[in-house]
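**Student:** Sharing start-v1.csv below, CSV, C-alpha atoms:
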chain,number,residue,atom,x,y,z
A,1,MET,CA,14.2,-21.0,-29.6
A,2,ARG,CA,11.8,-18.9,-27.4
A,3,GLN,CA,10.3,-22.0,-25.9
A,4,ARG,CA,13.7,-23.6,-25.1
A,5,LEU,CA,14.6,-20.3,-23.4
A,6,LEU,CA,11.4,-20.4,-21.4
A,7,ASP,CA,11.9,-24.0,-20.4
A,8,ALA,CA,15.5,-23.3,-19.3
A,9,ALA,CA,14.3,-20.2,-17.4
A,10,ALA,CA,11.7,-22.3,-15.6
A,11,GLU,CA,14.5,-24.6,-14.3
A,12,GLU,CA,16.8,-21.8,-13.4
A,13,PHE,CA,14.2,-19.7,-11.6
A,14,ALA,CA,12.8,-22.7,-9.7
A,15,GLU,CA,16.3,-23.8,-8.6
A,16,ARG,CA,17.8,-20.4,-7.7
A,17,GLY,CA,14.8,-18.1,-7.2
A,18,PHE,CA,14.1,-14.9,-9.1
A,19,SER,CA,16.8,-12.8,-7.5
A,20,ALA,CA,19.7,-15.3,-7.8
A,21,ALA,CA,18.8,-16.5,-11.3
A,22,ARG,CA,21.2,-15.5,-14.0
A,23,LEU,CA,20.3,-14.9,-17.7
A,24,ALA,CA,23.7,-16.3,-18.7
A,25,GLU,CA,22.8,-19.6,-17.0
A,26,VAL,CA,19.3,-19.6,-18.7
A,27,ALA,CA,21.1,-19.2,-22.1
A,28,ARG,CA,23.6,-22.0,-21.2
A,29,ARG,CA,20.8,-24.4,-20.2
A,30,ALA,CA,18.9,-23.7,-23.4
A,31,GLY,CA,22.1,-24.1,-25.5
A,32,PHE,CA,22.4,-20.5,-26.6
A,33,THR,CA,24.4,-17.4,-25.9
A,34,LYS,CA,23.2,-14.7,-23.5
A,35,GLY,CA,22.5,-12.6,-26.6
A,36,ALA,CA,19.8,-15.0,-27.6
A,37,VAL,CA,18.0,-14.3,-24.3
A,38,TYR,CA,18.1,-10.5,-25.0
A,39,SER,CA,17.0,-10.9,-28.6
A,40,ASN,CA,13.8,-12.6,-27.2
A,41,PHE,CA,13.2,-10.8,-23.9
A,42,GLU,CA,13.9,-7.2,-22.8
A,43,SER,CA,15.0,-8.2,-19.3
A,44,LYS,CA,15.0,-10.8,-16.6
A,45,GLN,CA,11.7,-9.4,-15.4
A,46,ASP,CA,10.2,-9.6,-19.0
A,47,LEU,CA,11.3,-13.3,-19.3
A,48,PHE,CA,9.9,-14.1,-15.9
A,49,ALA,CA,6.6,-12.3,-16.6
A,50,GLU,CA,6.0,-14.4,-19.7
A,51,LEU,CA,6.9,-17.6,-17.8
A,52,PHE,CA,4.7,-16.5,-14.9
A,53,ALA,CA,1.8,-15.9,-17.2
A,54,ALA,CA,2.1,-19.4,-18.8
A,55,ARG,CA,2.5,-21.1,-15.4
A,56,SER,CA,-0.4,-19.1,-13.9
A,57,LEU,CA,-2.7,-20.4,-16.6
A,58,GLU,CA,-1.4,-23.9,-16.1
A,59,LEU,CA,-2.1,-23.5,-12.4
A,60,ALA,CA,-5.7,-22.4,-13.0
A,61,GLY,CA,-6.1,-25.3,-15.4
A,62,ARG,CA,-5.0,-27.7,-12.7
A,63,VAL,CA,-7.2,-26.3,-10.0
A,64,LEU,CA,-10.1,-26.2,-12.4
A,65,ALA,CA,-9.6,-29.7,-13.6
A,66,GLU,CA,-9.7,-30.8,-10.0
A,67,ILE,CA,-13.1,-29.1,-9.3
A,68,ALA,CA,-14.5,-29.6,-12.8
A,69,GLY,CA,-16.7,-32.6,-12.2
A,70,MET,CA,-17.3,-32.1,-8.6
A,71,ASN,CA,-20.7,-32.1,-7.1
A,72,PRO,CA,-21.2,-30.2,-3.8
A,73,SER,CA,-20.4,-33.2,-1.6
A,74,ASP,CA,-17.2,-33.9,-3.5
A,75,ALA,CA,-16.1,-30.3,-3.1
A,76,ALA,CA,-16.9,-30.4,0.7
A,77,GLY,CA,-15.4,-33.9,1.1
A,78,LYS,CA,-12.2,-34.2,-1.0
A,79,GLY,CA,-11.8,-31.0,-2.9
A,80,GLY,CA,-8.2,-30.4,-1.9
A,81,GLU,CA,-6.4,-33.7,-2.3
A,82,ALA,CA,-5.1,-33.3,-5.8
A,83,ILE,CA,-4.4,-29.7,-5.4
A,84,ALA,CA,-2.2,-30.5,-2.4
A,85,SER,CA,-0.4,-33.2,-4.4
A,86,TRP,CA,0.8,-30.8,-7.1
A,87,MET,CA,1.7,-28.2,-4.4
A,88,VAL,CA,4.0,-30.7,-2.9
A,89,ARG,CA,5.4,-32.0,-6.3
A,90,GLU,CA,6.4,-28.5,-7.4
A,91,PRO,CA,7.5,-26.5,-4.4
A,92,GLY,CA,10.2,-24.6,-6.3
A,93,TRP,CA,7.7,-22.9,-8.6
A,94,SER,CA,5.3,-22.1,-5.8
A,95,LEU,CA,8.0,-20.5,-3.7
A,96,LEU,CA,9.1,-18.6,-6.8
A,97,VAL,CA,5.7,-17.1,-7.1
A,98,LEU,CA,5.8,-16.0,-3.5
A,99,GLU,CA,9.3,-14.5,-4.0
A,100,PHE,CA,8.0,-12.6,-7.1
A,101,GLY,CA,5.1,-11.3,-5.0
A,102,VAL,CA,7.4,-9.9,-2.3
A,103,LEU,CA,9.6,-8.3,-5.0
A,104,ALA,CA,6.4,-6.8,-6.6
A,105,ALA,CA,5.5,-5.2,-3.3
A,106,ARG,CA,8.8,-3.2,-3.5
A,107,ASP,CA,9.3,-2.7,-7.2
A,108,PRO,CA,6.7,-0.9,-9.3
A,109,GLN,CA,8.0,-2.4,-12.6
A,110,ILE,CA,7.7,-6.0,-11.2
A,111,ALA,CA,4.4,-5.1,-9.6
A,112,GLN,CA,2.8,-4.4,-12.9
A,113,ALA,CA,3.6,-7.9,-14.3
A,114,TYR,CA,2.7,-9.6,-11.0
A,115,LEU,CA,-0.6,-7.8,-10.6
A,116,ARG,CA,-1.6,-8.5,-14.2
A,117,GLU,CA,-1.0,-12.2,-14.0
A,118,ARG,CA,-2.5,-12.6,-10.5
A,119,ARG,CA,-5.6,-10.8,-11.6
A,120,GLN,CA,-5.8,-12.9,-14.7
A,121,LEU,CA,-5.5,-16.1,-12.6
A,122,ARG,CA,-8.0,-14.9,-10.1
A,123,GLY,CA,-10.4,-14.0,-12.9
A,124,ARG,CA,-10.0,-17.4,-14.4
A,125,LEU,CA,-10.7,-19.1,-11.1
A,126,VAL,CA,-13.8,-16.9,-10.6
A,127,GLU,CA,-15.1,-18.0,-14.0
A,128,LEU,CA,-14.4,-21.7,-13.3
A,129,ILE,CA,-15.8,-21.7,-9.7
A,130,GLY,CA,-18.7,-19.7,-11.0
A,131,GLU,CA,-19.4,-22.5,-13.5
A,132,ARG,CA,-19.6,-25.0,-10.7
A,133,ALA,CA,-21.9,-22.7,-8.7
A,134,ARG,CA,-24.2,-22.5,-11.8
A,135,GLU,CA,-24.2,-26.2,-12.2
A,136,TRP,CA,-25.1,-26.6,-8.5
A,137,VAL,CA,-27.8,-24.0,-9.0
A,138,VAL,CA,-26.4,-21.8,-6.2
A,139,ASP,CA,-24.8,-19.0,-8.2
A,140,ASP,CA,-26.9,-16.5,-6.2
A,141,THR,CA,-25.7,-17.8,-2.8
A,142,PHE,CA,-22.2,-19.1,-3.5
A,143,ASP,CA,-19.5,-16.4,-2.9
A,144,VAL,CA,-17.4,-17.2,-6.0
A,145,ARG,CA,-15.0,-14.2,-5.8
A,146,THR,CA,-14.2,-14.7,-2.1
A,147,THR,CA,-13.7,-18.4,-2.7
A,148,ALA,CA,-11.2,-17.7,-5.5
A,149,ILE,CA,-9.3,-15.1,-3.5
A,150,SER,CA,-9.2,-17.4,-0.5
A,151,LEU,CA,-8.0,-20.3,-2.5
A,152,MET,CA,-5.1,-18.3,-4.0
A,153,ALA,CA,-4.1,-17.0,-0.6
A,154,LEU,CA,-4.4,-20.4,1.0
A,155,ILE,CA,-2.3,-22.1,-1.6
A,156,SER,CA,0.4,-19.4,-1.1
A,157,GLY,CA,0.4,-19.8,2.6
A,158,LEU,CA,0.4,-23.6,2.5
A,159,VAL,CA,3.3,-23.7,0.1
A,160,LEU,CA,5.4,-21.4,2.4
A,161,GLU,CA,4.5,-23.4,5.5
A,162,HIS,CA,5.2,-26.7,3.8
A,163,SER,CA,8.6,-25.5,2.6
A,164,VAL,CA,9.6,-24.5,6.1
A,165,ASP,CA,8.0,-27.5,8.0
A,166,PRO,CA,7.2,-30.3,5.6
A,167,GLU,CA,6.7,-32.8,8.5
A,168,GLU,CA,4.0,-30.8,10.2
A,169,VAL,CA,2.5,-29.2,7.1
A,170,ASP,CA,2.4,-32.3,4.9
A,171,GLN,CA,0.4,-33.2,1.8
A,172,ALA,CA,-2.5,-34.6,3.9
A,173,THR,CA,-2.7,-31.4,6.0
A,174,MET,CA,-2.6,-29.2,2.9
A,175,GLY,CA,-5.3,-31.2,1.2
A,176,ALA,CA,-7.5,-31.0,4.3
A,177,ALA,CA,-7.1,-27.2,4.5
A,178,VAL,CA,-8.1,-26.7,0.8
A,179,THR,CA,-11.0,-29.1,1.3
A,180,ALA,CA,-12.1,-27.2,4.4
A,181,LEU,CA,-12.1,-24.0,2.3
A,182,PHE,CA,-14.5,-25.6,-0.3
A,183,ALA,CA,-16.6,-27.2,2.5
A,184,GLY,CA,-17.1,-23.8,4.1
A,185,ALA,CA,-18.1,-22.2,0.8
A,186,VAL,CA,-20.5,-25.0,0.1
A,187,ALA,CA,-22.0,-24.8,3.6
A,188,ARG,CA,-22.4,-21.0,3.3
A,189,ALA,CA,-24.2,-21.5,0.0
A,190,GLY,CA,-26.6,-23.9,1.7
A,191,LEU,CA,-25.6,-27.0,-0.1
A,192,THR,CA,-24.7,-29.3,2.7
Please render this file's structure as C-alpha cells.
**Tutor:**
Amino acid sequence: MRQRLLDAAAEEFAERGFSAARLAEVARRAGFTKGAVYSNFESKQDLFAELFAARSLELAGRVLAEIAGMNPSDAAGKGGEAIASWMVREPGWSLLVLEFGVLAARDPQIAQAYLRERRQLRGRLVELIGERAREWVVDDTFDVRTTAISLMALISGLVLEHSVDPEEVDQATMGAAVTALFAGAVARAGLT
C-alpha cells in the first residue's frame, strides 16, 4: 500500500507541483481513500519528504553511474551527455525539487526535510566523485566538495532554464554545461 501511495504521489506532485497537489488525488490514483494516505503519512510534507529522499538517492545513483567508469579525459570530454538526457526526460520532477527548495526557504518545517535530503544527496555525490578522484590518483588536488555542490546547483539552474526556454537551453547545451563543469575540475586538478 505504501509503495502504491508513493508512486501515485510521484505522479501527482510531478504533474501539479507540490503546492497544488492534493492528497485526495494521490489516494484516488493509488486506488485508496484519503484515510489510507493519512494512515501512512502524517502530512503532505511528510509524504513528499519520503518521496524526495527516495528520488534524491535515485538521482545520485544516476549521476554516479554516469561518472563511474570515467577516466579523466572522459569526464572532461563527455561527462554531461547522459546527465542531460535524464534532466530533459524528467522535467516535472526536477522542477518539483526546485519548487520544494523555494518553499523550504520560507517554511522551517519544510526546510528541515529539504535540507536533510539535499545534504544526504550532496554527501553521496562527494563520496562518489571522491572515489573517481582516488582512482585518478588526484584526491589531494581534485576539489570534490566544490564539484559536487557545483553539479547540484548547475543541474537545478539548467532544469529551470530548460523548462522556460527549451529551444535555446536544449539537451546538447545542458550536456555541454555539465561536461564543462567536469572539464574545469579535471583541469584544476592537473589531469588534462
**Student:** Could you please determine the separation between CA of Glu50 in chain A and CA of Glu131 in chain A in Å, to one decimal place?
**Tutor:** 27.4 Å
**Student:** What is the CA of Thr33 in chain A-CA of Leu6 in chain A distance in Å, reported with one decimal?
**Tutor:**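 One can read the CA of Thr33 in chain A to CA of Leu6 in chain A distance as 14.1 Å.
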**Student:** Looking at all atoms listed in the file, which of A:Ala27, A:Ala172, A:Ala14, A:Leu103 is the one that sits closest to Gln45 in chain A?
**Tutor:**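 Of the candidates, the smallest distance to Gln45 in chain A is held by A:Leu103.
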**Student:** Rounded to one decimal, what separation in Å do you get between CA of Val178 in chain A and CA of Met152 in chain A?
**Tutor:**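 For CA of Val178 in chain A relative to CA of Met152 in chain A, the distance reads 10.1 Å.
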**Student:** Restricting the calculation to all atoms listed in the file: of A:Thr141, A:Gln112, A:Thr179, A:Gln120, which residue gets closest to Glu81 in chain A?
**Tutor:**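 Distance minimum relative to Glu81 in chain A lands on A:Thr179.
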**Student:** I'd like to know which of A:Val159, A:Val186, A:Leu154, A:Leu96 is closest to Val137 in chain A, using all atoms listed in the file.
**Tutor:**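 Using all atoms listed in the file, Val137 in chain A sits closest to A:Val186.
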**Student:** Need the neighbours of (3.4, -21.6, -20.3): which residues are at most 12 Å away, counting all atoms listed in the file, as an MDAnalysis selection string?
**Tutor:** chainID A and resid 2:7 9:10 47:61
**Student:** With only C-alpha atoms as the atoms that count, which of A:Gln171, A:Arg145, A:Ala133, A:Ser156 lies nearest to Phe100 in chain A?
**Tutor:** A:Ser156
**Student:** Counting all atoms listed in the file, which residue out of A:Glu90, A:Glu12, A:Leu23, A:Leu115 sits closest to Val102 in chain A?
**Tutor:**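 Of A:Glu90, A:Glu12, A:Leu23, A:Leu115, the one nearest Val102 in chain A is A:Leu115, counting all atoms listed in the file.
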**Student:** Counting only C-alpha atoms, which residues sit no farther than 9 Å from the position (-14.2, -21.1, -0.8) in the file's frame? I'd like them as a ChimeraX atom specification.
**Tutor:** /A:142-151,178-186
**Student:** Closest to Trp136 in chain A among A:Arg16, A:Gly80, A:Gly190, A:Met174, using only C-alpha atoms?
**Tutor:**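 For Trp136 in chain A, the nearest of the candidates is A:Gly190.
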**Student:** How would range 80-101 of chain A look written as a PDB file, in the first residue's frame with N, CA and C atoms?
**Tutor:**
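What follows is the written file part.pdb:
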ATOM      1  N   GLY A  80      28.763  15.124 -19.364  1.00  0.00           N
ATOM      2  CA  GLY A  80      27.410  15.589 -19.111  1.00  0.00           C
ATOM      3  C   GLY A  80      26.323  15.065 -20.007  1.00  0.00           C
ATOM      4  N   GLU A  81      26.663  14.288 -21.028  1.00  0.00           N
ATOM      5  CA  GLU A  81      25.658  13.877 -22.015  1.00  0.00           C
ATOM      6  C   GLU A  81      24.497  13.091 -21.409  1.00  0.00           C
ATOM      7  N   ALA A  82      24.788  12.045 -20.669  1.00  0.00           N
ATOM      8  CA  ALA A  82      23.713  11.217 -20.108  1.00  0.00           C
ATOM      9  C   ALA A  82      22.974  11.939 -18.990  1.00  0.00           C
ATOM     10  N   ILE A  83      23.703  12.732 -18.218  1.00  0.00           N
ATOM     11  CA  ILE A  83      23.057  13.504 -17.161  1.00  0.00           C
ATOM     12  C   ILE A  83      22.027  14.443 -17.774  1.00  0.00           C
ATOM     13  N   ALA A  84      22.387  15.097 -18.872  1.00  0.00           N
ATOM     14  CA  ALA A  84      21.454  15.997 -19.557  1.00  0.00           C
ATOM     15  C   ALA A  84      20.253  15.246 -20.101  1.00  0.00           C
ATOM     16  N   SER A  85      20.459  14.030 -20.586  1.00  0.00           N
ATOM     17  CA  SER A  85      19.333  13.293 -21.169  1.00  0.00           C
ATOM     18  C   SER A  85      18.266  12.997 -20.134  1.00  0.00           C
ATOM     19  N   TRP A  86      18.653  12.613 -18.915  1.00  0.00           N
ATOM     20  CA  TRP A  86      17.599  12.361 -17.927  1.00  0.00           C
ATOM     21  C   TRP A  86      17.013  13.651 -17.381  1.00  0.00           C
ATOM     22  N   MET A  87      17.771  14.761 -17.387  1.00  0.00           N
ATOM     23  CA  MET A  87      17.180  16.048 -16.979  1.00  0.00           C
ATOM     24  C   MET A  87      16.048  16.419 -17.924  1.00  0.00           C
ATOM     25  N   VAL A  88      16.248  16.173 -19.208  1.00  0.00           N
ATOM     26  CA  VAL A  88      15.235  16.503 -20.213  1.00  0.00           C
ATOM     27  C   VAL A  88      14.064  15.523 -20.147  1.00  0.00           C
ATOM     28  N   ARG A  89      14.337  14.246 -19.863  1.00  0.00           N
ATOM     29  CA  ARG A  89      13.278  13.230 -19.792  1.00  0.00           C
ATOM     30  C   ARG A  89      12.361  13.424 -18.596  1.00  0.00           C
ATOM     31  N   GLU A  90      12.862  13.964 -17.492  1.00  0.00           N
ATOM     32  CA  GLU A  90      12.054  14.080 -16.281  1.00  0.00           C
ATOM     33  C   GLU A  90      11.988  15.514 -15.761  1.00  0.00           C
ATOM     34  N   PRO A  91      11.510  16.442 -16.587  1.00  0.00           N
ATOM     35  CA  PRO A  91      11.498  17.835 -16.145  1.00  0.00           C
ATOM     36  C   PRO A  91      10.531  18.094 -14.985  1.00  0.00           C
ATOM     37  N   GLY A  92       9.444  17.345 -14.918  1.00  0.00           N
ATOM     38  CA  GLY A  92       8.466  17.558 -13.850  1.00  0.00           C
ATOM     39  C   GLY A  92       9.072  17.347 -12.478  1.00  0.00           C
ATOM     40  N   TRP A  93       9.848  16.277 -12.347  1.00  0.00           N
ATOM     41  CA  TRP A  93      10.456  16.001 -11.047  1.00  0.00           C
ATOM     42  C   TRP A  93      11.490  17.053 -10.685  1.00  0.00           C
ATOM     43  N   SER A  94      12.312  17.427 -11.631  1.00  0.00           N
ATOM     44  CA  SER A  94      13.354  18.423 -11.356  1.00  0.00           C
ATOM     45  C   SER A  94      12.748  19.768 -10.969  1.00  0.00           C
ATOM     46  N   LEU A  95      11.685  20.154 -11.652  1.00  0.00           N
ATOM     47  CA  LEU A  95      11.008  21.407 -11.287  1.00  0.00           C
ATOM     48  C   LEU A  95      10.382  21.298  -9.903  1.00  0.00           C
ATOM     49  N   LEU A  96       9.889  20.131  -9.565  1.00  0.00           N
ATOM     50  CA  LEU A  96       9.308  19.906  -8.248  1.00  0.00           C
ATOM     51  C   LEU A  96      10.349  20.091  -7.151  1.00  0.00           C
ATOM     52  N   VAL A  97      11.556  19.602  -7.372  1.00  0.00           N
ATOM     53  CA  VAL A  97      12.632  19.785  -6.398  1.00  0.00           C
ATOM     54  C   VAL A  97      12.927  21.271  -6.225  1.00  0.00           C
ATOM     55  N   LEU A  98      12.935  22.020  -7.331  1.00  0.00           N
ATOM     56  CA  LEU A  98      13.155  23.471  -7.240  1.00  0.00           C
ATOM     57  C   LEU A  98      12.029  24.143  -6.455  1.00  0.00           C
ATOM     58  N   GLU A  99      10.788  23.754  -6.745  1.00  0.00           N
ATOM     59  CA  GLU A  99       9.642  24.314  -6.019  1.00  0.00           C
ATOM     60  C   GLU A  99       9.757  24.023  -4.525  1.00  0.00           C
ATOM     61  N   PHE A 100      10.116  22.799  -4.194  1.00  0.00           N
ATOM     62  CA  PHE A 100      10.250  22.415  -2.793  1.00  0.00           C
ATOM     63  C   PHE A 100      11.355  23.231  -2.120  1.00  0.00           C
ATOM     64  N   GLY A 101      12.426  23.501  -2.863  1.00  0.00           N
ATOM     65  CA  GLY A 101      13.511  24.331  -2.332  1.00  0.00           C
ATOM     66  C   GLY A 101      13.053  25.745  -2.032  1.00  0.00           C
TER      67      GLY A 101
END
